[in-house]
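Enquirer: My structure is in structure.txt, and what it holds is compact mmCIF, C-alpha atoms and all ligand atoms:
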```txt
# COMPACT_ATOMS: atom_id res chain seq x y z
CA MET A 1 -3.74 7.33 -13.38
CA SER A 2 -1.43 5.21 -11.28
CA ARG A 3 -2.48 2.10 -9.44
CA ILE A 4 -1.57 3.68 -6.12
CA GLN A 5 -3.86 6.56 -6.85
CA ASN A 6 -6.66 4.14 -7.67
CA ILE A 7 -6.16 2.33 -4.40
CA LEU A 8 -6.11 5.59 -2.45
CA GLU A 9 -9.26 6.85 -4.11
CA LYS A 10 -11.08 3.57 -3.58
CA ALA A 11 -10.07 3.61 0.08
CA GLU A 12 -11.21 7.20 0.38
CA ARG A 13 -14.62 6.35 -1.10
CA GLU A 14 -15.02 3.48 1.30
CA GLY A 15 -13.71 5.55 4.20
CA ALA A 16 -11.53 2.68 5.32
CA VAL A 17 -8.89 3.55 7.89
CA ARG A 18 -7.14 0.96 9.99
CA ARG A 19 -4.32 1.08 12.43
CA VAL A 20 -0.76 0.15 11.49
CA ARG A 21 2.26 -0.52 13.60
CA PRO A 22 4.67 2.41 13.64
CA GLN A 23 7.67 1.76 11.41
CA VAL A 24 11.14 3.16 11.86
CA GLU A 25 13.27 4.81 9.20
CA ASP A 26 16.85 6.02 9.60
CA MET A 27 17.65 9.36 8.10
CA THR A 28 20.68 11.55 7.62
CA ALA A 29 20.52 14.98 6.10
CA VAL A 30 23.56 16.77 4.75
CA GLY A 31 24.22 19.05 1.80
CA THR A 32 25.30 22.41 0.50
CA VAL A 33 23.57 24.86 -1.76
CA ASP A 34 24.53 27.67 -4.03
CA GLY A 35 22.19 29.82 -6.02
CA ARG A 36 21.03 33.36 -6.57
CA ALA A 37 17.85 34.60 -5.01
CA ALA A 38 15.38 36.44 -7.18
CA MET A 39 11.65 36.87 -7.15
CA THR A 40 9.40 37.31 -10.10
CA PRO A 41 6.54 39.71 -9.50
CA PRO A 42 3.16 38.13 -8.83
CA LEU A 43 1.22 37.42 -12.00
CA ALA A 44 -0.67 40.44 -13.22
CA SER A 45 -4.38 40.51 -12.61
CA PRO A 46 -6.41 39.68 -15.72
CA SER A 47 -7.95 43.14 -15.46
CA ALA A 48 -4.52 44.63 -16.17
CA PHE A 49 -4.74 43.47 -19.77
CA GLU A 50 -6.93 44.77 -22.51
CA ALA A 51 -8.56 41.87 -24.29
CA PRO A 52 -11.10 41.80 -27.11
CA GLU A 53 -14.60 40.65 -26.27
CA PRO A 54 -14.53 36.85 -26.28
CA ALA A 55 -16.69 35.29 -28.97
CA ALA A 56 -17.01 31.98 -27.12
CA PRO A 57 -17.40 31.19 -23.39
CA ILE A 58 -14.04 31.40 -21.63
CA ALA A 59 -12.65 28.61 -19.46
CA THR A 60 -12.80 28.92 -15.67
CA PRO A 61 -9.99 31.32 -14.73
CA VAL A 62 -7.00 29.69 -13.05
CA PRO A 63 -6.47 31.19 -9.58
CA LEU A 64 -3.57 33.62 -9.51
CA VAL A 65 -0.53 32.38 -7.65
CA ARG A 66 2.72 33.85 -6.48
CA VAL A 67 5.51 32.28 -8.47
CA VAL A 68 9.07 32.51 -7.21
CA THR A 69 12.17 31.54 -9.18
CA GLY A 70 15.83 31.31 -8.20
CA THR A 71 15.17 30.78 -4.51
CA ARG A 72 18.18 30.11 -2.32
CA LEU A 73 17.22 26.87 -0.60
CA SER A 74 18.83 26.35 2.80
CA PRO A 75 21.78 23.88 2.72
CA PRO A 76 20.03 20.91 4.36
CA LEU A 77 17.26 21.03 1.75
CA LEU A 78 19.70 20.10 -0.97
CA ALA A 79 19.73 16.69 0.65
CA ALA A 80 16.54 15.94 -1.22
CA LEU A 81 17.85 17.32 -4.48
CA SER A 82 21.36 15.93 -4.92
CA PRO A 83 22.31 12.25 -5.17
CA SER A 84 23.19 11.31 -1.58
CA THR A 85 22.35 8.87 1.16
CA ALA A 86 20.11 11.51 2.68
CA ALA A 87 18.22 11.92 -0.59
CA GLU A 88 17.71 8.15 -0.76
CA GLN A 89 16.40 8.11 2.80
CA TYR A 90 13.91 10.88 2.13
CA ARG A 91 12.77 9.09 -1.02
CA ALA A 92 12.37 5.88 0.98
CA LEU A 93 10.27 7.74 3.51
CA ARG A 94 8.16 9.19 0.72
CA THR A 95 7.66 5.73 -0.76
CA ARG A 96 6.63 4.32 2.63
CA ILE A 97 4.08 7.08 3.03
CA VAL A 98 2.70 6.84 -0.50
CA HIS A 99 2.49 3.02 -0.30
CA SER A 100 1.28 2.95 3.29
CA GLU A 101 -1.11 0.22 4.16
CA THR A 102 -3.46 2.23 6.29
CA GLY A 103 -6.22 1.62 3.77
CA GLY A 104 -7.11 5.29 3.92
CA PRO A 105 -5.98 8.25 1.85
CA VAL A 106 -2.67 9.89 2.70
CA ASN A 107 -3.15 13.13 0.86
CA VAL A 108 -2.61 15.31 3.91
CA VAL A 109 0.27 14.26 6.16
CA LEU A 110 1.03 16.00 9.44
CA ILE A 111 4.63 15.94 10.65
CA THR A 112 5.07 16.27 14.39
CA SER A 113 7.46 15.15 17.14
CA PRO A 114 7.73 15.00 20.92
CA GLY A 115 9.62 18.28 21.24
CA ARG A 116 11.48 21.10 19.57
CA GLY A 117 14.56 20.41 17.49
CA ASP A 118 13.67 16.81 16.59
CA GLY A 119 13.71 17.61 12.88
CA LYS A 120 10.03 18.15 12.00
CA SER A 121 10.56 21.18 9.79
CA LEU A 122 13.54 19.78 7.93
CA THR A 123 11.79 16.46 7.37
CA ALA A 124 8.57 18.12 6.19
CA ALA A 125 10.45 20.26 3.66
CA ASN A 126 12.64 17.44 2.36
CA LEU A 127 9.73 15.03 2.21
CA GLY A 128 7.74 17.57 0.21
CA LEU A 129 10.65 18.02 -2.21
CA ALA A 130 11.12 14.27 -2.57
CA MET A 131 7.41 13.85 -3.34
CA ALA A 132 7.44 16.73 -5.81
CA GLN A 133 10.43 15.35 -7.72
CA GLU A 134 9.62 11.72 -8.09
CA TYR A 135 5.91 11.61 -8.65
CA GLN A 136 5.40 14.80 -10.62
CA GLN A 137 2.52 15.60 -8.36
CA ARG A 138 1.27 18.92 -7.09
CA ILE A 139 2.74 19.17 -3.59
CA CYS A 140 2.23 21.86 -0.97
CA VAL A 141 4.24 22.18 2.23
CA VAL A 142 2.25 24.05 4.87
CA ASP A 143 3.93 25.65 7.87
CA ALA A 144 1.49 25.27 10.74
CA ASP A 145 4.08 25.89 13.45
CA PHE A 146 3.22 29.47 14.33
CA ARG A 147 5.40 29.23 17.43
CA SER A 148 8.60 28.45 15.54
CA PRO A 149 8.00 28.85 11.79
CA GLN A 150 10.87 27.55 9.63
CA GLN A 151 9.60 26.86 6.12
CA ARG A 152 10.13 30.39 4.81
CA ARG A 153 13.78 30.26 5.85
CA LEU A 154 14.29 26.69 4.62
CA PHE A 155 12.93 27.47 1.15
CA GLY A 156 14.53 30.95 1.05
CA LEU A 157 11.24 32.76 0.49
CA PRO A 158 10.49 36.48 0.72
CA GLU A 159 8.36 38.02 3.47
CA THR A 160 4.80 37.53 2.24
CA PRO A 161 1.50 36.67 3.93
CA GLY A 162 1.04 33.09 5.14
CA LEU A 163 -1.38 30.69 6.79
CA ALA A 164 -1.92 32.87 9.88
CA ASP A 165 -2.88 35.79 7.62
CA VAL A 166 -5.33 33.59 5.72
CA LEU A 167 -6.90 32.40 8.97
CA LEU A 168 -7.19 35.99 10.19
CA SER A 169 -8.74 37.04 6.84
CA ARG A 170 -5.81 39.34 6.15
CA ALA A 171 -4.87 37.50 2.94
CA THR A 172 -6.34 35.04 0.48
CA ILE A 173 -4.94 31.58 -0.13
CA GLU A 174 -3.83 32.76 -3.57
CA GLU A 175 -1.83 35.56 -1.97
CA ALA A 176 -0.26 33.27 0.59
CA VAL A 177 0.70 30.12 -1.33
CA ILE A 178 4.06 30.48 -3.08
CA GLU A 179 4.96 28.30 -6.03
CA LEU A 180 8.65 27.51 -6.44
CA GLU A 181 8.80 27.02 -10.15
CA GLU A 182 12.12 25.17 -10.41
CA HIS A 183 11.25 22.67 -7.73
CA HIS A 184 7.63 21.97 -8.75
CA ILE A 185 6.49 22.59 -5.21
CA SER A 186 4.33 25.13 -3.42
CA VAL A 187 4.79 26.41 0.10
CA LEU A 188 2.26 28.03 2.40
CA PRO A 189 4.45 29.77 4.98
CA ALA A 190 3.24 30.43 8.53
CA GLY A 191 2.87 34.16 7.93
CA SER A 192 2.55 36.75 10.66
CA GLN A 193 2.96 35.39 14.13
CA SER A 194 -0.28 34.62 15.90
CA ALA A 195 -0.79 34.77 19.62
CA HIS A 196 -3.41 32.00 19.55
CA PRO A 197 -2.48 29.29 17.06
CA ALA A 198 -4.65 26.62 18.66
CA GLU A 199 -7.74 28.83 18.44
CA LEU A 200 -7.07 29.56 14.77
CA PHE A 201 -6.64 25.87 13.92
CA GLY A 202 -10.06 25.10 15.40
CA THR A 203 -11.92 27.51 13.14
CA THR A 204 -14.12 26.86 10.13
CA THR A 205 -11.70 29.01 8.13
CA MET A 206 -8.93 26.51 8.84
CA ARG A 207 -11.12 23.62 7.68
CA ARG A 208 -12.10 25.50 4.52
CA THR A 209 -8.49 26.45 3.85
CA LEU A 210 -7.43 22.81 3.99
CA GLU A 211 -10.35 21.79 1.78
CA THR A 212 -9.26 24.35 -0.80
CA LEU A 213 -5.67 23.13 -0.62
CA ARG A 214 -6.86 19.53 -1.03
CA SER A 215 -8.68 20.51 -4.20
CA ARG A 216 -5.59 22.18 -5.66
CA PHE A 217 -2.83 19.78 -4.62
CA ASP A 218 -2.28 16.04 -4.77
CA ARG A 219 -0.43 15.95 -1.45
CA ILE A 220 -0.04 18.35 1.43
CA VAL A 221 2.72 18.02 4.03
CA ILE A 222 2.05 19.98 7.22
CA ASP A 223 4.92 21.05 9.45
CA SER A 224 3.48 21.35 12.95
CA PRO A 225 4.55 22.14 16.51
CA ALA A 226 5.50 19.44 19.03
CA ALA A 227 2.76 16.92 19.86
CA THR A 228 2.91 17.73 23.58
CA PRO A 229 2.18 19.65 25.74
CA LEU A 230 0.52 22.08 23.31
CA ALA A 231 -3.04 21.73 22.03
CA ASP A 232 -2.14 22.58 18.43
CA VAL A 233 -1.52 19.05 17.13
CA GLY A 234 -4.63 17.64 18.82
CA ILE A 235 -6.70 20.27 17.03
CA LEU A 236 -5.00 19.75 13.68
CA ALA A 237 -5.16 15.93 13.81
CA PRO A 238 -8.85 15.54 12.83
CA LEU A 239 -8.18 17.62 9.71
CA VAL A 240 -5.40 15.41 8.33
CA ASP A 241 -5.27 11.89 6.88
CA SER A 242 -2.08 10.68 8.52
CA ILE A 243 0.48 11.65 11.12
CA VAL A 244 4.21 10.95 11.04
CA LEU A 245 6.15 11.25 14.29
CA ILE A 246 9.80 12.34 14.12
CA VAL A 247 12.18 11.31 16.88
CA ARG A 248 15.82 12.35 16.90
CA ALA A 249 18.53 9.82 17.66
CA GLY A 250 20.33 10.57 20.92
CA TYR A 251 18.17 13.62 21.54
CA THR A 252 14.51 12.75 22.03
CA SER A 253 13.89 11.09 25.40
CA LYS A 254 11.94 7.82 25.67
CA PRO A 255 9.30 9.22 28.05
CA ALA A 256 8.75 12.09 25.62
CA ILE A 257 8.25 9.59 22.78
CA HIS A 258 5.72 7.62 24.84
CA ASP A 259 3.85 10.80 25.81
CA ALA A 260 3.71 11.94 22.19
CA ILE A 261 2.46 8.58 20.89
CA ALA A 262 -0.19 8.54 23.63
CA ALA A 263 -1.31 12.02 22.63
CA ILE A 264 -1.65 11.19 18.93
CA ASP A 265 -4.70 9.59 17.34
CA ALA A 266 -3.41 6.01 16.93
CA ALA A 267 -5.56 5.33 13.87
CA LYS A 268 -3.78 8.12 12.03
CA LEU A 269 -0.24 7.42 13.17
CA LEU A 270 1.45 6.27 9.98
CA GLY A 271 4.87 5.69 11.47
CA VAL A 272 7.79 6.91 13.52
CA VAL A 273 10.83 8.33 11.75
CA LEU A 274 14.22 8.12 13.40
CA ASN A 275 15.99 11.30 12.39
CA GLU A 276 19.69 10.64 12.79
CA ALA A 277 21.57 13.88 12.37
CA ALA A 278 25.11 13.41 11.05
N1 LIG B 1 19.02 14.81 9.93
C1 LIG B 1 19.54 16.02 10.18
N2 LIG B 1 20.82 16.28 9.80
C2 LIG B 1 21.37 17.47 10.07
N3 LIG B 1 20.74 18.48 10.72
C3 LIG B 1 19.48 18.27 11.13
C4 LIG B 1 18.82 17.02 10.88
N4 LIG B 1 17.57 17.11 11.39
C5 LIG B 1 17.46 18.34 11.92
N5 LIG B 1 18.60 19.03 11.76
C6 LIG B 1 18.86 20.41 12.22
O1 LIG B 1 18.43 20.51 13.57
C7 LIG B 1 17.77 21.76 13.79
C8 LIG B 1 16.33 21.51 14.25
O2 LIG B 1 15.63 20.89 13.18
P1 LIG B 1 14.13 21.32 12.84
O3 LIG B 1 13.72 20.56 11.63
O4 LIG B 1 13.97 22.80 12.82
O5 LIG B 1 13.40 20.71 14.13
P2 LIG B 1 11.91 20.95 14.66
O6 LIG B 1 11.11 21.46 13.54
O7 LIG B 1 11.47 19.61 15.14
O8 LIG B 1 12.03 21.93 15.80
C9 LIG B 1 17.84 22.53 12.49
O9 LIG B 1 18.95 23.39 12.54
C10 LIG B 1 18.04 21.45 11.46
O10 LIG B 1 18.71 21.90 10.30
MG MG B 2 9.95 23.15 13.31
```
Take the structure from the file and write it as structure tokens.
Ligand SMILES: Nc1ncnc2c1ncn2[C@@H]1O[C@H](COP(=O)(O)OP(=O)(O)O)[C@@H](O)[C@H]1O
Ligand SMILES: [Mg+2]
Expert:
Amino acid sequence: MSRIQNILEKAEREGAVRRVRPQVEDMTAVGTVDGRAAMTPPLASPSAFEAPEPAAPIATPVPLVRVVTGTRLSPPLLAALSPSTAAEQYRALRTRIVHSETGGPVNVVLITSPGRGDGKSLTAANLGLAMAQEYQQRICVVDADFRSPQQRRLFGLPETPGLADVLLSRATIEEAVIELEEHHISVLPAGSQSAHPAELFGTTTMRRTLETLRSRFDRIVIDSPAATPLADVGILAPLVDSIVLIVRAGYTSKPAIHDAIAAIDAAKLLGVVLNEAA
């Protein structure tokens, strides 16, 4: 077990969380992608096989998961995969988050921003990929932006149930989480559009869903809607360990940045990322 992990677990046991000054990172994301899309069928249910009576007690069954191979990642996502300045920047952001000095655990990170188009979704996806590559950890990117879901498109995933369906008891977590085998990452897409995202986020089902995800993954990156004026982020914030605010160079206005920072729980604000589109 790594030293970082030890520190995080110790901090978690002690429940220590302290405020840090927001830091600023510069980022550029560029890239191209080529690949063929294909989907393997979901793993067969154990009941589909005929097995002899076990002589000894069997191990706890591993939850079934949807595994997808050969996905066609969207071009900007290759930024985190190919050697490039963008890839370095995403890795630097990952390192800052993993080594953050908040004193508390950073297992669940919420990505938000003052408005639409700042780069939340792209950053969440690339950050998840950077974490999955370097640390060989179990990473899950969760799309909690029901108003403008992007993760399915970014990762090139098929139309399957997602978080909204889990929260509405229309699907199980196992049915909704998709594992991208080649990239060692899992994605929980937003799923069917919901008319009342804020209400769904405030439910016990949402809390339980996150608890289950915490038990199955080392880190969870949540792509969320804008911090203001919607209630969504305020409702999600108590459920996460840390919040990263994305601002876009030459795009996000200063008053909007101030409003967003004021709306976010300062103790959880890990830093501000300057997303500088090329
Ligand atoms: N650093 C970047 N370089 C190039 N394009 C970017 C960058 N950040 C965001 N974009 C593009 O800008 C658009 C909005 O980004 P997105 O991540 O969807 O924003 P948000 O989730 O905050 O609404 C997308 O088309 C995305 O690909
Ligand atoms: Mg988005």
Enquirer: With distances taken over only C-alpha atoms and all ligand atoms, which of A:Ser253, A:Thr69, A:Ser121, A:Thr205 is nearest to ligand MG 2 (chain B)?
Expert: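 Among the listed residues, A:Ser121 lies closest to ligand MG 2 (chain B).
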Enquirer: Select, from A:Ala249, A:Val233, A:Met131, A:Leu210, the residue with the minimum atom-to-atom distance to ligand LIG 1 (chain B), counting all atoms listed in the file.
Expert: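 Residue with the minimum atom-to-atom distance to ligand LIG 1 (chain B): A:Ala249.
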Enquirer: Per residue of chain A within 8 Å of ligand LIG 1 (chain B), what are the shortest atom pair and its distance in Å to one decimal, counting all atoms listed in the file, with rows by chain and residue number, as a Markdown table?
Expert:
```
| residue | atom | partner | partner_atom | distance |
| --- | --- | --- | --- | --- |
| A:Met27 | CA | B:LIG1 | N1 | 5.9 |
| A:Thr28 | CA | B:LIG1 | N1 | 4.3 |
| A:Ala29 | CA | B:LIG1 | N2 | 3.9 |
| A:Val30 | CA | B:LIG1 | N2 | 5.8 |
| A:Pro76 | CA | B:LIG1 | O10 | 6.2 |
| A:Thr112 | CA | B:LIG1 | O7 | 7.3 |
| A:Ser113 | CA | B:LIG1 | O7 | 6.3 |
| A:Gly115 | CA | B:LIG1 | O7 | 6.5 |
| A:Arg116 | CA | B:LIG1 | O8 | 3.9 |
| A:Gly117 | CA | B:LIG1 | O8 | 3.4 |
| A:Asp118 | CA | B:LIG1 | O7 | 3.8 |
| A:Gly119 | CA | B:LIG1 | O3 | 3.2 |
| A:Lys120 | CA | B:LIG1 | O7 | 3.8 |
| A:Ser121 | CA | B:LIG1 | O3 | 3.7 |
| A:Leu122 | CA | B:LIG1 | O3 | 3.8 |
| A:Thr123 | CA | B:LIG1 | O3 | 6.2 |
| A:Ala124 | CA | B:LIG1 | O3 | 7.9 |
| A:Ser148 | CA | B:LIG1 | O8 | 7.4 |
| A:Gln150 | CA | B:LIG1 | O4 | 6.5 |
| A:Asp223 | CA | B:LIG1 | O6 | 7.4 |
| A:Ser224 | CA | B:LIG1 | O6 | 7.7 |
| A:Pro225 | CA | B:LIG1 | O6 | 7.2 |
| A:Ala226 | CA | B:LIG1 | O7 | 7.1 |
| A:Ile246 | CA | B:LIG1 | O7 | 7.5 |
| A:Arg248 | CA | B:LIG1 | N4 | 7.5 |
| A:Asn275 | CA | B:LIG1 | N1 | 5.2 |
| A:Glu276 | CA | B:LIG1 | N1 | 5.1 |
| A:Ala277 | CA | B:LIG1 | N2 | 3.6 |
| A:Ala278 | CA | B:LIG1 | N2 | 5.3 |
```
Enquirer: May I ask which of the residues A:Arg147, A:Val166, A:Pro229, A:Leu154 is the closest one to Pro197 of chain A, counting only C-alpha atoms?
Expert: A:Arg147
Enquirer: Of the candidates A:Gly202, A:Pro158, A:Pro189, A:Gly250, which one gets nearest to ligand MG 2 (chain B) if we count all atoms listed in the file?
Expert: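 The closest residue to ligand MG 2 (chain B) is A:Pro189.
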Enquirer: Excluding Ala237 of chain A and residues on its chain fewer than 4 positions from it, collect all residues at most 12 Å away from it, counting all atoms listed in the file, and give them as a list in words.
Expert: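 Non-adjacent residues within range: Val108, Val109, Leu110, Ile111, Thr112, Ala144, Ala198, Phe201, Gly202, Arg207, Ile222, Ser224, Pro225, Ala227, Ala231, Asp232, Val233, Asp241, Ser242, Ile243, Val244, Ala263, Ile264, Asp265, Ala266, Ala267, Lys268 and Leu269 of chain A.
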